[in-house]
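Chemist: Pasting in a structure now, in structure tokens, and then I'll have a few things to ask.
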Amino acid sequence: MLDDEPNQTNSSREAESMAVTVDHVSKTYPVPFLRLKKFLRRKFKPPVEALHDVSFNICKGEIFGLIGPNGAGKTTLTKIIATLIQPTAGSAVVNGHDTVRDDEQVRLNIGLAGAEERSFYWRLTAEENLLFFARLYGLNGTHARRRIKELFDLFEFEELARRRFAELSTGNKQRLSVARAMLANPPVLLLDEPTRSLDPIAAARMRGTIQSLAQNSEQRVTIFLTSHNLTEVEELCDRVAVIGKGQIRAIDSPATLRATHTPEEKHVIKFTSLAPADAEQALRQAFSERFFTLERTPGRQQWKLMFSSETGDETLDSVLRVLQQSGAVIRSVEIERATLLDVLEGYETGKSRGD
Amino acid sequence: MILLLRRIWAFLARDWRLTVSYRMQFFLRILSILIVVTTLFFISRIFTGFADPRFVQWRDPLAAWLTGLAVLNYFMTGFSSLANAIRQEQVQGTLESVLMTPIGVPTVIVASSAWDFVQATFFSFLYLLFGWLFFDVHYRGSFLLALVFLLLTTIVLACLGILSASFAMVFKRGDPFGVFLGAGSALFSGVFFPTQLINQYAGSAVAGISRILPPTYGLDGIRRVLIEGEGFSQVREPLLTLLVFLLVLLPFSLWVFGRAVRRAKREGSLIQY
């Protein structure tokens with residue numbers, strides 16, 4: 001028994017450091033009135049299995065991304081964490097509270113910003129909308145108004161505060177949705193396409209805000225992000241889960257996911273001031289085999305060296321050093337890496353091949 | 001408790017703002033009540049001097065109609081506002097965002113229907129006020145006792161409203177309670193004519209319908225208090241009948257509602273309509 005104690009302490013510490021724990025969650029949407037339909041011998045569609053044995057943890061202060069094609073189960077999973085849907089099997093725990101048994105406590109710990117415009121009252125102003133939701137979170141009038149002002153300052157929304165929601169642009173409606181999710185300062189934010197419909201500057205600011213929330217030393221907010229904007233996911237997320245047909249296919253950092261999917265990266269080095277024959281000779285002396293192609297850039301006195309190497313190895317560094325030592329002036333270096341889109345496509349086509 | 005009141009206040013403030021954003025509708029409703037009361041006044045003049053001594057409550061038909069309409073308006077709010085609360089939020093698309101706050105589904109339903117009760121109180125009062133102010137309708141008896149009847153019947157109807165809300169959550173449309181109580185109350189509960197006439201013209205089997213409708217007892221009690229001036233000891237019977245309705249319907253409706261919420265969450269259909 002004594003031997004178990006350190007393990008128990010470790011596991012409880014581990015649990016404490018987790019903001020969200022999803023443990024073997026499955027969700028099958030039942031067929032409505034199945035028994036009645038069977039009794040009446042009516043045709044019915046088979047039950048839809050939206051999630052199958054999904055498990056992962058999200059650490060406190062982590063930005064965790066969930067990507068997958070339409071119908072993969074992202075919304076169902078988000079709604080289970082948000083207590084709006086109950087899982088058929090397994091459990092989801094937010095800051096120690098079970099989403100089924102302690103649903104009200106879970107909702108005190110989370111803020112959800114969805115992409116649904118209709119989730120506000122269109123005839124109320126932006127401020128009146130937030131005031132209503134702040135009161136539902138239990139904030140009194142003074143406290144609520146102070147918090148709303150802070151959020152309007154953060155999102156540069158002050159000028160639009162007294163405009164009716166219906167009169168706001170789609171991007172501003174989106175920003176208000178994120179502001180609403182942050183009303184009660186929740187330690188966990190569930191963000192669904194947070195920069196959808198934002199102009200590039202506003203989108204960059206929103207990304208900055210999301211990053212600063214997670215990095216804030218006072219209250220490290222945990223962020224669960226679902227998005228189809230994979231560049232954004234790559235830029236923001238510490239870890240990403242790929243979901244397809246209700247199952248988690250992979251979970252890792254964006255860099256590791258890319259490297260696992262495509263272990264090679266392509267390089268294109270453009271240089272001048274060195275004859276191609278000299279470049280070739282220098283490279284052959286430095287490397288045992290010819291792994292590159294060399295060609296002239298059309299219309300310019302510039303040469304293009306192309307080769308592939310394993311992600312993260314030192315070939316690029318060595319090639320650059322050899323060229324520079326031989327007198328070449330490097331004009332540009334392009335690295336073509338696999339993107340999260342390639343990763344996602346890889347899992348999808350892999351599945352379709354029957355892998 | 002303070003938190004619950006704060007949340008109810010949030011819904012009241014929201015609905016007040018939404019109502020004043022449609023000012024015209026509000027004033028037209030007041031005008032329509034005045035028109036209805038005036039119309040009933042002129043119809044009541046047809047019956048002047050023809051009162052049947054069997055129907056004591058109907059000696060002044062205008063007073064009977066106005067109490068009937070005022071109370072029916074309140075009763076129907078008690079019945080329909082709970083289901084409407086869910087339905088309106090579903091249709092607007094705001095139910096999900098409301099349910100994302102730390103507030104239970106029962107609280108959402110009760111708090112979202114609070115404004116309906118405020119409005120119903122106001123508009124029901126207008127029926128009585130316009131009758132008294134412009135058409136010399138006088139009420140007597142204990143207003144407190146009438147209020148007890150009003151509250152008790154409203155709570156009984158709210159239990160049926162909870163069943164209706166449960167139905168709306170699972171089946172979305174086609175609520176049978178609405179049809180039964182909406183059309184049934186106006187016809188069988190004695191809003192526009194004495195219920196005894198149903199027995200006389202349609203037989204005791206049809207008249208039996210009025211006896212299973214809670215509004216019949218509520219309306220009878222209120223008229224006996226306000227029009228006939230009867231006291232507590234004389235109106236014990238309808239009062240006890242309403243209490244029996246309450247004792248049966250309250251636990252049953254809460255049980256059904258709990259099951260409906262669980263089912264909707266399991267199916268993920270809470271926000272669908």
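Starting from 1 in every chain, residues are counted up; chains themselves are A, B, ... following the order of the structure tokens, and ligands are numbered from 1 as listed.
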So which residues touch A:Thr78 within 9 Å, counting only C-alpha atoms, skipping near sequence neighbours fewer than 4 positions away, as a PyMOL selection string?
Modeler: chain A and resi 73-74+82-84+112+190+192+224+226
Chemist: Can you spit out the residues from that selection as a PDB file, in the first residue's frame, using C-alpha atoms?
Modeler:
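Here's the written file again.pdb:
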ATOM      1  CA  GLY A  73     -17.091  15.305 -34.577  1.00  0.00           C
ATOM      2  CA  LYS A  74     -15.525  18.661 -33.601  1.00  0.00           C
ATOM      3  CA  ALA A  82     -19.519  22.681 -22.826  1.00  0.00           C
ATOM      4  CA  THR A  83     -22.147  20.448 -21.084  1.00  0.00           C
ATOM      5  CA  LEU A  84     -24.679  20.995 -23.876  1.00  0.00           C
ATOM      6  CA  LEU A 112     -17.737  29.412 -25.318  1.00  0.00           C
ATOM      7  CA  LEU A 190     -13.687  27.161 -26.029  1.00  0.00           C
ATOM      8  CA  ASP A 192     -14.821  28.040 -32.481  1.00  0.00           C
ATOM      9  CA  PHE A 224      -9.550  24.845 -26.760  1.00  0.00           C
ATOM     10  CA  THR A 226     -11.466  24.532 -33.267  1.00  0.00           C
TER      11      THR A 226
END
Chemist: Residues within 12 Å of B:Ile155, please, as a list in words. Count only C-alpha atoms; anything in the same chain fewer than 5 positions from it doesn't count.
Modeler: Tyr74, Phe75, Met76, Thr77, Gly78, Phe79, Ser80, Ser81, Leu82, Val110, Phe117, Val148, Phe149, Leu150, Leu160, Gly161, Ile162, Pro214, Pro215, Gly218, Leu242, Leu243, Phe245, Leu246, Leu247, Leu249, Leu250 and Ser253 of chain B
Chemist: Using the chain letters and numbers from this document, which residues of stretch 26-173 of chain B does DSSP assign to alpha helix (DSSP H), as a count of residues only?
Modeler: 118
Chemist: Would you pick out the contacts of B:Arg45 at 10 Å or less, using only C-alpha atoms, so that residues sharing its chain but fewer than 4 positions from it are not included, and give the list as JSON, numbers by chain?
Modeler: {"B": [40, 41, 49, 50, 60, 61, 62]}
Chemist: Closest to A:Asp103 among B:Met24, B:Leu254, B:Leu99, B:Ile35, using only C-alpha atoms?
Modeler: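 The answer is B:Leu99, which sits nearest to A:Asp103.
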Chemist: Specify as a ChimeraX atom specification all residues of chain B found within 9 Å of chain A, counting only C-alpha atoms.
Modeler: /B:3-4,6-11,13-14,17-18,21,92-104,262,264-270
Chemist: Would you save the residues from that selection as a compact mmCIF listing (two decimals), in the first residue's frame, using N, CA and C atoms?
Modeler:
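That gives us part.txt:
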# COMPACT_ATOMS: atom_id res chain seq x y z
N LEU B 3 -28.89 35.20 -6.01
CA LEU B 3 -28.41 34.89 -7.36
C LEU B 3 -29.58 34.58 -8.30
N LEU B 4 -30.55 33.82 -7.78
CA LEU B 4 -31.73 33.48 -8.59
C LEU B 4 -32.50 34.75 -8.95
N ARG B 6 -31.33 37.75 -9.07
CA ARG B 6 -30.52 38.54 -10.00
C ARG B 6 -30.70 38.03 -11.43
N ARG B 7 -30.79 36.72 -11.55
CA ARG B 7 -30.97 36.14 -12.88
C ARG B 7 -32.37 36.42 -13.42
N ILE B 8 -33.37 36.31 -12.56
CA ILE B 8 -34.74 36.64 -13.01
C ILE B 8 -34.77 38.12 -13.44
N TRP B 9 -34.10 38.96 -12.64
CA TRP B 9 -34.04 40.39 -12.97
C TRP B 9 -33.38 40.59 -14.34
N ALA B 10 -32.33 39.80 -14.62
CA ALA B 10 -31.64 39.91 -15.92
C ALA B 10 -32.61 39.63 -17.06
N PHE B 11 -33.43 38.61 -16.91
CA PHE B 11 -34.41 38.28 -17.96
C PHE B 11 -35.47 39.37 -18.07
N ALA B 13 -35.16 42.54 -17.27
CA ALA B 13 -34.56 43.74 -17.89
C ALA B 13 -34.39 43.53 -19.40
N ARG B 14 -33.97 42.34 -19.78
CA ARG B 14 -33.81 42.03 -21.21
C ARG B 14 -35.15 42.17 -21.94
N ARG B 17 -36.45 45.69 -22.31
CA ARG B 17 -35.76 46.42 -23.39
C ARG B 17 -36.26 45.95 -24.75
N LEU B 18 -36.48 44.63 -24.87
CA LEU B 18 -36.98 44.12 -26.16
C LEU B 18 -38.38 44.65 -26.43
N SER B 21 -38.45 48.17 -27.53
CA SER B 21 -37.92 48.35 -28.88
C SER B 21 -39.04 48.14 -29.91
N GLN B 92 -35.05 31.91 -31.81
CA GLN B 92 -34.10 33.04 -31.94
C GLN B 92 -32.67 32.56 -32.09
N GLY B 93 -32.39 31.36 -31.60
CA GLY B 93 -31.03 30.83 -31.67
C GLY B 93 -30.21 31.20 -30.45
N THR B 94 -30.87 31.74 -29.41
CA THR B 94 -30.13 32.20 -28.23
C THR B 94 -30.10 31.17 -27.10
N LEU B 95 -30.83 30.07 -27.27
CA LEU B 95 -30.94 29.11 -26.16
C LEU B 95 -29.57 28.54 -25.77
N GLU B 96 -28.76 28.23 -26.79
CA GLU B 96 -27.45 27.64 -26.51
C GLU B 96 -26.58 28.60 -25.69
N SER B 97 -26.60 29.88 -26.07
CA SER B 97 -25.73 30.82 -25.34
C SER B 97 -26.26 31.05 -23.93
N VAL B 98 -27.57 30.98 -23.74
CA VAL B 98 -28.12 31.12 -22.39
C VAL B 98 -27.76 29.89 -21.56
N LEU B 99 -27.87 28.73 -22.19
CA LEU B 99 -27.56 27.49 -21.46
C LEU B 99 -26.07 27.32 -21.18
N MET B 100 -25.25 28.12 -21.85
CA MET B 100 -23.81 28.07 -21.59
C MET B 100 -23.43 28.79 -20.30
N THR B 101 -24.36 29.57 -19.76
CA THR B 101 -24.08 30.25 -18.48
C THR B 101 -24.43 29.27 -17.35
N PRO B 102 -23.89 29.52 -16.15
CA PRO B 102 -24.14 28.55 -15.06
C PRO B 102 -25.56 28.65 -14.51
N ILE B 103 -26.52 28.28 -15.32
CA ILE B 103 -27.92 28.43 -14.95
C ILE B 103 -28.64 27.17 -15.45
N GLY B 104 -29.46 26.59 -14.59
CA GLY B 104 -30.14 25.34 -14.95
C GLY B 104 -31.30 25.57 -15.90
N ARG B 262 -33.28 15.42 -19.66
CA ARG B 262 -32.24 14.39 -19.82
C ARG B 262 -32.25 13.83 -21.23
N ALA B 264 -33.38 15.27 -24.00
CA ALA B 264 -32.92 16.28 -24.97
C ALA B 264 -31.40 16.41 -24.95
N LYS B 265 -30.81 16.30 -23.74
CA LYS B 265 -29.35 16.40 -23.65
C LYS B 265 -28.68 15.17 -24.26
N ARG B 266 -29.32 14.03 -24.03
CA ARG B 266 -28.77 12.79 -24.58
C ARG B 266 -28.82 12.81 -26.10
N GLU B 267 -29.95 13.30 -26.63
CA GLU B 267 -30.11 13.34 -28.09
C GLU B 267 -29.39 14.53 -28.70
N GLY B 268 -29.00 15.49 -27.85
CA GLY B 268 -28.36 16.70 -28.36
C GLY B 268 -29.35 17.57 -29.10
N SER B 269 -30.63 17.50 -28.72
CA SER B 269 -31.66 18.21 -29.48
C SER B 269 -32.25 19.38 -28.72
N LEU B 270 -31.60 19.79 -27.63
CA LEU B 270 -32.17 20.85 -26.80
C LEU B 270 -32.37 22.15 -27.57
Chemist: Measure the distance from atom CA of A:Asp278 to atom CA of A:Ala328 in Å and round it to one decimal.
Modeler: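 Spanning atom CA of A:Asp278 to atom CA of A:Ala328 is a straight-line distance of 9.7 Å.
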Chemist: Mind giving me the straight-line distance from atom CA of A:Phe152 to atom CA of B:Gln88 in Å, one decimal?
Modeler: 28.7 Å
Chemist: Residues within 12 Å of B:Trp132, please, as a ChimeraX atom specification. Count only C-alpha atoms; anything in the same chain fewer than 3 positions from it doesn't count.
Modeler: /B:34,37-38,41,62-63,66-67,125-129,135-140
Chemist: Please produce a file of the residues just selected, as a short mmCIF file (atom, residue, chain, number, x, y, z; two decimals), in the first residue's frame, where the atoms kept are N, CA and C atoms.
Modeler:
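The resulting file, part.cif, is reproduced below:
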data_model
loop_
_atom_site.label_atom_id
_atom_site.label_comp_id
_atom_site.auth_asym_id
_atom_site.auth_seq_id
_atom_site.Cartn_x
_atom_site.Cartn_y
_atom_site.Cartn_z
N LEU B 34 -59.00 48.14 -24.97
CA LEU B 34 -60.04 49.16 -24.82
C LEU B 34 -61.19 48.90 -25.81
N VAL B 37 -63.22 45.85 -24.60
CA VAL B 37 -64.06 46.19 -23.44
C VAL B 37 -65.27 47.02 -23.90
N THR B 38 -65.02 47.97 -24.80
CA THR B 38 -66.11 48.82 -25.31
C THR B 38 -67.13 47.96 -26.06
N PHE B 41 -69.21 46.03 -23.73
CA PHE B 41 -70.17 46.91 -23.06
C PHE B 41 -71.45 47.02 -23.90
N LEU B 62 -71.31 42.21 -18.43
CA LEU B 62 -70.03 42.88 -18.69
C LEU B 62 -69.01 42.55 -17.59
N ALA B 63 -69.45 42.61 -16.34
CA ALA B 63 -68.55 42.29 -15.23
C ALA B 63 -68.06 40.84 -15.35
N LEU B 66 -65.59 40.59 -18.33
CA LEU B 66 -64.28 41.24 -18.05
C LEU B 66 -63.45 40.42 -17.07
N THR B 67 -64.10 39.91 -16.01
CA THR B 67 -63.32 39.06 -15.09
C THR B 67 -62.88 37.80 -15.84
N PHE B 125 -55.15 43.57 -15.65
CA PHE B 125 -55.59 44.69 -14.83
C PHE B 125 -56.31 45.73 -15.70
N LEU B 126 -55.82 45.90 -16.94
CA LEU B 126 -56.43 46.89 -17.83
C LEU B 126 -57.89 46.54 -18.14
N TYR B 127 -58.20 45.23 -18.31
CA TYR B 127 -59.59 44.83 -18.56
C TYR B 127 -60.49 45.33 -17.43
N LEU B 128 -60.03 45.07 -16.21
CA LEU B 128 -60.83 45.46 -15.05
C LEU B 128 -60.86 46.97 -14.90
N LEU B 129 -59.71 47.61 -15.13
CA LEU B 129 -59.61 49.07 -14.97
C LEU B 129 -60.51 49.79 -15.98
N PHE B 135 -67.05 52.19 -17.80
CA PHE B 135 -68.36 51.55 -17.95
C PHE B 135 -69.02 51.18 -16.62
N ASP B 136 -68.54 51.78 -15.56
CA ASP B 136 -69.20 51.67 -14.26
C ASP B 136 -69.34 50.23 -13.76
N VAL B 137 -68.35 49.40 -14.03
CA VAL B 137 -68.38 48.03 -13.52
C VAL B 137 -67.79 48.04 -12.10
N HIS B 138 -68.53 47.49 -11.15
CA HIS B 138 -68.03 47.50 -9.76
C HIS B 138 -67.75 46.08 -9.28
N TYR B 139 -66.67 45.94 -8.54
CA TYR B 139 -66.31 44.64 -7.98
C TYR B 139 -66.39 44.76 -6.46
N ARG B 140 -66.74 43.67 -5.82
CA ARG B 140 -66.79 43.69 -4.36
C ARG B 140 -66.13 42.41 -3.84
#
Chemist: Do you know which residues are at most 10 Å from A:His228 counting only C-alpha atoms, after dropping those on the same chain fewer than 2 positions away, and could you put them as a list in words?
Modeler: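 Selected residues are Leu66, Ile67, Gly68, Pro69, Asn70, Asp192, Glu193, Arg196, Thr226, Leu230, Thr231, Glu232, Val233 and Leu341 of chain A.
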Chemist: Can I get the selection written as an mmCIF file, in the first residue's frame, with C-alpha atoms?
Modeler:
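The resulting out05.cif:
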data_model
loop_
_atom_site.group_PDB
_atom_site.id
_atom_site.type_symbol
_atom_site.label_atom_id
_atom_site.label_comp_id
_atom_site.auth_asym_id
_atom_site.auth_seq_id
_atom_site.Cartn_x
_atom_site.Cartn_y
_atom_site.Cartn_z
ATOM 1 C CA LEU A 66 -8.831 20.506 -32.811
ATOM 2 C CA ILE A 67 -8.850 20.115 -36.569
ATOM 3 C CA GLY A 68 -10.760 17.856 -38.870
ATOM 4 C CA PRO A 69 -13.066 17.899 -41.871
ATOM 5 C CA ASN A 70 -16.766 18.745 -41.659
ATOM 6 C CA ASP A 192 -14.821 28.040 -32.481
ATOM 7 C CA GLU A 193 -13.306 29.861 -35.490
ATOM 8 C CA ARG A 196 -13.679 33.954 -38.933
ATOM 9 C CA THR A 226 -11.466 24.532 -33.267
ATOM 10 C CA LEU A 230 -4.900 25.720 -40.304
ATOM 11 C CA THR A 231 -2.283 28.454 -40.533
ATOM 12 C CA GLU A 232 -3.856 30.049 -37.490
ATOM 13 C CA VAL A 233 -3.973 26.725 -35.646
ATOM 14 C CA LEU A 341 -3.341 20.721 -44.437
#
Chemist: When you look at A:Gln211 with a cut-off of 10 Å (counting only C-alpha atoms), what residues show up, excluding the ones that are within fewer than 5 positions of it in the same chain? I need them as a ChimeraX atom specification.
Modeler: /A:61-63,205-206,216,221,223,235-237
Chemist: Just give me the gap between atom CA of B:Leu12 and atom CA of A:Arg164 in Å, one decimal is fine.
Modeler: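 Distance between the two atoms: 18.7 Å.
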Chemist: Pick from B:Asp52, B:Glu237, B:Asp15, B:Glu230: nearest to B:Leu145, with only C-alpha atoms counted?
Modeler: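 Ranking B:Asp52, B:Glu237, B:Asp15, B:Glu230 by distance to B:Leu145, first place goes to B:Glu230.
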Chemist: Considering only C-alpha atoms, return as a ChimeraX atom specification whatever protein or nucleic-acid residues lie within 10 Å of B:Val56, sequence-local ones (same chain, fewer than 4 positions apart) excluded.
Modeler: /B:51-52,60,194,223-224,227-228
